[in-house]
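Trainee: Next up is a structure, given as structure tokens.
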Amino acid sequence: VTAVVHHLVGNHELYNFSRSECAKLIPNITPWYRSWVLSPHWRIVVLDAYELNTIERGGGEAVEEGLDYLSRYNPNDLRAPRGSVDCSTGLRGLESRYLPMGGGYKGEQLRWLRGELEAARRSRERVIVMTHVPIHPGSAAAGALTWNYEEAMGALRSAGPGVVAVVLSGHDHSGGYAFDEEVDTHYVTLPSPLHTSADDPRAHCVVEAYADRLEICGRGLVPSRTLPLLPLPDADAGAPLAQPCTHQDRDKGGAPRAQL
């Protein structure tokens, strides 16, 4: 099977490479945030969770902006060599998200996101959002959340119920799940391959898209989930966009028509 592979930026890329190096070394990681229509009625949105950051190798203007932002909420020495200071000292509860390993979104990206979601709503498309750092506070440990998760959730809610079907993220190695009842959006945090065993090193999944649900067909450490979707307002549910996710499909690599 031939497929286009898309990448998105996370903290481990920026620990090791500058943005310019990432762009040269990692195919399809730019534009850093982007959107495309995968198939009729489905749009993919990739976000840059490290638009604000303190960790990019080589530093520069972007890191200085991130340090300025983070220092408003974290009283520790953020310029100390990595690992030499406990940057979580004094942080409690949701404040624990203000750590150097995290990141945040600038206003321009969030305005772009609102525009993409409104375009999807007008076109009767559902949206699958992918970002490295979790956004919903129920989907991950506090220390693994996006710095300005409230602003991000506001943007994700802006197009109304049913438009954003799921937000897929990583970063919290244990994984997690939350549901935003206000707009019927699922938040799934995928567990890290670092937690797999030598006997079964798998930690991935296939996401299959239907008119009334998403099927996350897990492999190894990633649990399978059925994510129900409510009908879009004024939209005809129509035929399913994929064949059912069967046990045979998961074990033997069956290929439904619309697959992520």
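All residue names refer to the structure tokens as shown: chains lettered A, B, ... in order, residues numbered from 1 in each chain, ligands numbered from 1 in order.
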Determine, counting only C-alpha atoms, which protein, DNA and RNA residues have an atom within 12 Å of an atom of Trp112 (chain A); residues of the same chain fewer than 3 positions away are not included. Present the result as a PyMOL selection string.
Mentor: chain A and resi 33-35+45-48+105-109+115-119+152+155-156+158
Trainee: Pull the alpha helix (DSSP H) assignments for region 41-132 of chain A out of DSSP run on the backbone, and list those residues as a short mmCIF file (atom, residue, chain, number, x, y, z; two decimals) with all heavy atoms, in the first residue's frame.
Mentor:
data_model
loop_
_atom_site.label_atom_id
_atom_site.label_comp_id
_atom_site.auth_asym_id
_atom_site.auth_seq_id
_atom_site.Cartn_x
_atom_site.Cartn_y
_atom_site.Cartn_z
N GLU A 61 15.02 34.06 18.41
CA GLU A 61 13.89 34.92 18.74
C GLU A 61 12.69 34.14 19.25
O GLU A 61 12.01 34.54 20.20
CB GLU A 61 13.50 35.73 17.50
CG GLU A 61 12.37 36.72 17.74
CD GLU A 61 12.06 37.54 16.50
OE1 GLU A 61 12.89 37.56 15.57
OE2 GLU A 61 10.97 38.15 16.47
N ALA A 62 12.41 32.98 18.63
CA ALA A 62 11.25 32.19 19.04
C ALA A 62 11.38 31.71 20.47
O ALA A 62 10.42 31.74 21.25
CB ALA A 62 11.08 31.00 18.10
N VAL A 63 12.58 31.28 20.85
CA VAL A 63 12.80 30.80 22.22
C VAL A 63 12.72 31.96 23.21
O VAL A 63 12.17 31.81 24.31
CB VAL A 63 14.15 30.07 22.32
CG1 VAL A 63 14.54 29.85 23.78
CG2 VAL A 63 14.09 28.74 21.59
N GLU A 64 13.25 33.12 22.85
CA GLU A 64 13.16 34.28 23.74
C GLU A 64 11.70 34.65 23.98
O GLU A 64 11.32 35.00 25.11
CB GLU A 64 13.91 35.46 23.13
CG GLU A 64 15.42 35.31 23.16
CD GLU A 64 15.95 35.12 24.57
OE1 GLU A 64 15.51 35.86 25.47
OE2 GLU A 64 16.80 34.23 24.77
N GLU A 65 10.87 34.55 22.94
CA GLU A 65 9.45 34.84 23.10
C GLU A 65 8.80 33.81 24.03
O GLU A 65 7.96 34.15 24.88
CB GLU A 65 8.75 34.83 21.74
CG GLU A 65 7.32 35.30 21.78
CD GLU A 65 6.70 35.43 20.40
OE1 GLU A 65 7.41 35.19 19.39
OE2 GLU A 65 5.50 35.77 20.34
N GLY A 66 9.19 32.55 23.88
CA GLY A 66 8.67 31.51 24.75
C GLY A 66 9.10 31.69 26.19
O GLY A 66 8.30 31.50 27.12
N LEU A 67 10.36 32.06 26.42
CA LEU A 67 10.84 32.30 27.78
C LEU A 67 10.11 33.47 28.42
O LEU A 67 9.77 33.42 29.62
CB LEU A 67 12.34 32.57 27.75
CG LEU A 67 13.23 31.35 27.51
CD1 LEU A 67 14.66 31.78 27.20
CD2 LEU A 67 13.21 30.41 28.73
N ASP A 68 9.86 34.50 27.64
CA ASP A 68 9.12 35.65 28.16
C ASP A 68 7.71 35.23 28.58
O ASP A 68 7.23 35.64 29.64
CB ASP A 68 9.05 36.75 27.10
CG ASP A 68 8.26 37.95 27.57
OD1 ASP A 68 8.74 38.65 28.48
OD2 ASP A 68 7.15 38.19 27.04
N TYR A 69 7.06 34.41 27.77
CA TYR A 69 5.70 33.94 28.09
C TYR A 69 5.73 33.05 29.33
O TYR A 69 4.96 33.25 30.28
CB TYR A 69 5.12 33.18 26.91
CG TYR A 69 3.73 32.63 27.15
CD1 TYR A 69 2.60 33.36 26.80
CD2 TYR A 69 3.55 31.38 27.74
CE1 TYR A 69 1.32 32.87 27.04
CE2 TYR A 69 2.27 30.88 27.99
CZ TYR A 69 1.17 31.63 27.63
OH TYR A 69 -0.09 31.14 27.88
N LEU A 70 6.60 32.04 29.35
CA LEU A 70 6.60 31.06 30.43
C LEU A 70 7.00 31.68 31.77
O LEU A 70 6.49 31.27 32.82
CB LEU A 70 7.54 29.91 30.08
CG LEU A 70 7.42 28.65 30.96
CD1 LEU A 70 6.01 28.08 30.91
CD2 LEU A 70 8.43 27.60 30.51
N GLY A 107 -1.57 33.78 18.73
CA GLY A 107 -2.88 34.22 18.28
C GLY A 107 -3.13 33.99 16.81
O GLY A 107 -4.24 33.62 16.40
N GLU A 108 -2.11 34.16 15.98
CA GLU A 108 -2.30 34.01 14.53
C GLU A 108 -2.70 32.57 14.18
O GLU A 108 -3.59 32.35 13.35
CB GLU A 108 -1.01 34.38 13.79
CG GLU A 108 -1.13 34.28 12.28
CD GLU A 108 0.14 34.69 11.56
OE1 GLU A 108 1.07 35.18 12.23
OE2 GLU A 108 0.19 34.53 10.32
N GLN A 109 -2.06 31.58 14.81
CA GLN A 109 -2.41 30.20 14.52
C GLN A 109 -3.84 29.89 14.99
O GLN A 109 -4.58 29.19 14.30
CB GLN A 109 -1.43 29.22 15.20
CG GLN A 109 -1.72 27.77 14.87
CD GLN A 109 -0.72 26.78 15.45
OE1 GLN A 109 -0.84 25.57 15.25
NE2 GLN A 109 0.29 27.26 16.15
N LEU A 110 -4.23 30.42 16.15
CA LEU A 110 -5.58 30.16 16.65
C LEU A 110 -6.62 30.84 15.77
O LEU A 110 -7.72 30.29 15.57
CB LEU A 110 -5.70 30.61 18.10
CG LEU A 110 -4.84 29.82 19.09
CD1 LEU A 110 -4.99 30.39 20.50
CD2 LEU A 110 -5.19 28.34 19.07
N ARG A 111 -6.32 32.01 15.24
CA ARG A 111 -7.25 32.66 14.30
C ARG A 111 -7.37 31.84 13.03
O ARG A 111 -8.46 31.67 12.46
CB ARG A 111 -6.79 34.09 14.00
CG ARG A 111 -7.00 35.06 15.15
CD ARG A 111 -6.75 36.49 14.74
NE ARG A 111 -5.34 36.74 14.45
CZ ARG A 111 -4.44 37.09 15.37
NH1 ARG A 111 -4.80 37.20 16.64
NH2 ARG A 111 -3.17 37.31 15.03
N TRP A 112 -6.24 31.33 12.55
CA TRP A 112 -6.27 30.45 11.38
C TRP A 112 -7.11 29.22 11.66
O TRP A 112 -7.92 28.79 10.81
CB TRP A 112 -4.84 30.05 11.02
CG TRP A 112 -4.74 28.97 9.98
CD1 TRP A 112 -4.71 29.13 8.63
CD2 TRP A 112 -4.66 27.55 10.22
NE1 TRP A 112 -4.62 27.91 8.00
CE2 TRP A 112 -4.59 26.93 8.95
CE3 TRP A 112 -4.63 26.77 11.36
CZ2 TRP A 112 -4.50 25.54 8.81
CZ3 TRP A 112 -4.54 25.39 11.23
CH2 TRP A 112 -4.48 24.78 9.96
N LEU A 113 -6.96 28.63 12.84
CA LEU A 113 -7.73 27.44 13.21
C LEU A 113 -9.22 27.74 13.19
O LEU A 113 -10.02 26.95 12.66
CB LEU A 113 -7.29 26.95 14.59
CG LEU A 113 -8.09 25.79 15.20
CD1 LEU A 113 -8.06 24.57 14.29
CD2 LEU A 113 -7.57 25.46 16.60
N ARG A 114 -9.62 28.85 13.76
CA ARG A 114 -11.04 29.22 13.75
C ARG A 114 -11.56 29.32 12.31
O ARG A 114 -12.67 28.88 12.00
CB ARG A 114 -11.25 30.55 14.47
CG ARG A 114 -11.10 30.45 15.99
CD ARG A 114 -11.18 31.82 16.64
NE ARG A 114 -11.03 31.76 18.08
CZ ARG A 114 -12.03 31.65 18.95
NH1 ARG A 114 -13.29 31.60 18.49
NH2 ARG A 114 -11.82 31.60 20.24
N GLY A 115 -10.75 29.90 11.43
CA GLY A 115 -11.15 30.02 10.04
C GLY A 115 -11.30 28.67 9.35
O GLY A 115 -12.24 28.45 8.58
N GLU A 116 -10.37 27.76 9.63
CA GLU A 116 -10.46 26.42 9.04
C GLU A 116 -11.70 25.67 9.53
O GLU A 116 -12.37 24.98 8.76
CB GLU A 116 -9.20 25.62 9.38
CG GLU A 116 -7.94 26.09 8.68
CD GLU A 116 -8.04 25.97 7.17
OE1 GLU A 116 -8.34 24.87 6.69
OE2 GLU A 116 -7.80 26.99 6.49
N LEU A 117 -12.00 25.80 10.80
CA LEU A 117 -13.16 25.11 11.35
C LEU A 117 -14.46 25.70 10.83
O LEU A 117 -15.43 24.97 10.57
CB LEU A 117 -13.12 25.16 12.88
CG LEU A 117 -11.92 24.48 13.53
CD1 LEU A 117 -12.03 24.54 15.06
CD2 LEU A 117 -11.75 23.04 13.07
N GLU A 118 -14.49 27.00 10.65
CA GLU A 118 -15.69 27.62 10.07
C GLU A 118 -15.88 27.18 8.63
O GLU A 118 -17.01 26.91 8.18
CB GLU A 118 -15.58 29.14 10.16
CG GLU A 118 -16.74 29.90 9.52
CD GLU A 118 -18.10 29.54 10.10
OE1 GLU A 118 -18.16 29.06 11.25
OE2 GLU A 118 -19.10 29.75 9.39
N ALA A 119 -14.78 27.09 7.87
CA ALA A 119 -14.87 26.59 6.49
C ALA A 119 -15.38 25.16 6.47
O ALA A 119 -16.18 24.78 5.61
CB ALA A 119 -13.51 26.70 5.81
N ALA A 120 -14.90 24.34 7.41
CA ALA A 120 -15.37 22.96 7.50
C ALA A 120 -16.86 22.91 7.82
O ALA A 120 -17.61 22.11 7.26
CB ALA A 120 -14.57 22.21 8.56
N ARG A 121 -17.30 23.76 8.73
CA ARG A 121 -18.72 23.78 9.09
C ARG A 121 -19.58 24.12 7.89
O ARG A 121 -20.60 23.47 7.63
CB ARG A 121 -18.96 24.79 10.22
CG ARG A 121 -20.39 24.79 10.76
CD ARG A 121 -20.66 26.00 11.65
NE ARG A 121 -20.62 27.24 10.88
CZ ARG A 121 -21.63 27.68 10.13
NH1 ARG A 121 -22.75 26.97 10.03
NH2 ARG A 121 -21.51 28.81 9.47
N ARG A 122 -19.16 25.13 7.13
CA ARG A 122 -19.93 25.54 5.95
C ARG A 122 -19.97 24.43 4.90
O ARG A 122 -20.95 24.31 4.16
CB ARG A 122 -19.35 26.82 5.35
CG ARG A 122 -19.52 28.05 6.23
CD ARG A 122 -19.28 29.32 5.42
NE ARG A 122 -17.97 29.32 4.80
CZ ARG A 122 -16.88 29.85 5.32
NH1 ARG A 122 -16.96 30.42 6.53
NH2 ARG A 122 -15.73 29.82 4.71
#
Trainee: With region 198-212 of chain A as the partner and 12 Å as the cut-off, tabulate the residues of region 84-164 of chain A that qualify, each row holding the nearest pair of atoms and their distance in Å to one decimal, using only C-alpha atoms, sorted by chain and rising number, as JSON lines.
Mentor:
{"residue": "A:Arg124", "atom": "CA", "partner": "A:Ala211", "partner_atom": "CA", "distance": 11.4}
{"residue": "A:Glu125", "atom": "CA", "partner": "A:Ala211", "partner_atom": "CA", "distance": 10.3}
{"residue": "A:Arg126", "atom": "CA", "partner": "A:Ala211", "partner_atom": "CA", "distance": 9.1}
{"residue": "A:Val127", "atom": "CA", "partner": "A:Ala209", "partner_atom": "CA", "distance": 10.6}
{"residue": "A:Ile128", "atom": "CA", "partner": "A:Ala209", "partner_atom": "CA", "distance": 9.7}
{"residue": "A:Gly162", "atom": "CA", "partner": "A:Asp212", "partner_atom": "CA", "distance": 10.5}
Trainee: If you count only C-alpha atoms, which residues fall within 10 Å of Asn148 (chain A), apart from same-chain ones fewer than 2 positions away, as JSON, numbers by chain?
Mentor: {"A": [49, 52, 97, 98, 103, 104, 105, 106, 135, 145, 146, 150, 151, 152, 153]}
Trainee: Kindly indicate which residue among A:Arg157, A:Arg92, A:Arg225, A:Arg57 lies nearest to Leu190 (chain A), using only C-alpha atoms for the distances.
Mentor: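 Nearest to Leu190 (chain A): A:Arg225.
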Trainee: Any idea what's packed within 12 Å of Tyr177 (chain A), counting only C-alpha atoms, ignoring anything in its chain fewer than 4 positions away? Could you give it as a list of chain:residue names?
Mentor: A:Pro134, A:Ile135, A:His136, A:Pro137, A:Gly138, A:Ser139, A:Ala140, A:Ala141, A:Val166, A:Val167, A:Leu168, A:Ser169, A:Gly170, A:Asp172, A:Thr185, A:His186, A:Tyr187, A:Val188, A:Thr189, A:Leu190, A:Pro191, A:Val222, A:Pro223, A:Arg225, A:Leu227
Trainee: So how many Å separate CA of His132 (chain A) and CA of Ser174 (chain A), to one decimal?
Mentor: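 Between CA of His132 (chain A) and CA of Ser174 (chain A) the gap works out to 13.8 Å.
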Trainee: If you run DSSP over the backbone, which residues in region 153-239 of chain A end up strand (DSSP E or B)? Put them as a count of residues only.
Mentor: 35
Trainee: Just how far from CA of Leu38 (chain A) is CA of Gly176 (chain A), in Å to one decimal?
Mentor: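 Here the two named atoms are 25.5 Å from each other.
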Trainee: Which residue gives the smallest distance to Leu232 (chain A) among A:Gly160, A:Gly60, A:Gly10, A:Pro31, with only C-alpha atoms counted?
Mentor: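 Among the listed residues, the smallest separation from Leu232 (chain A) belongs to A:Gly160.
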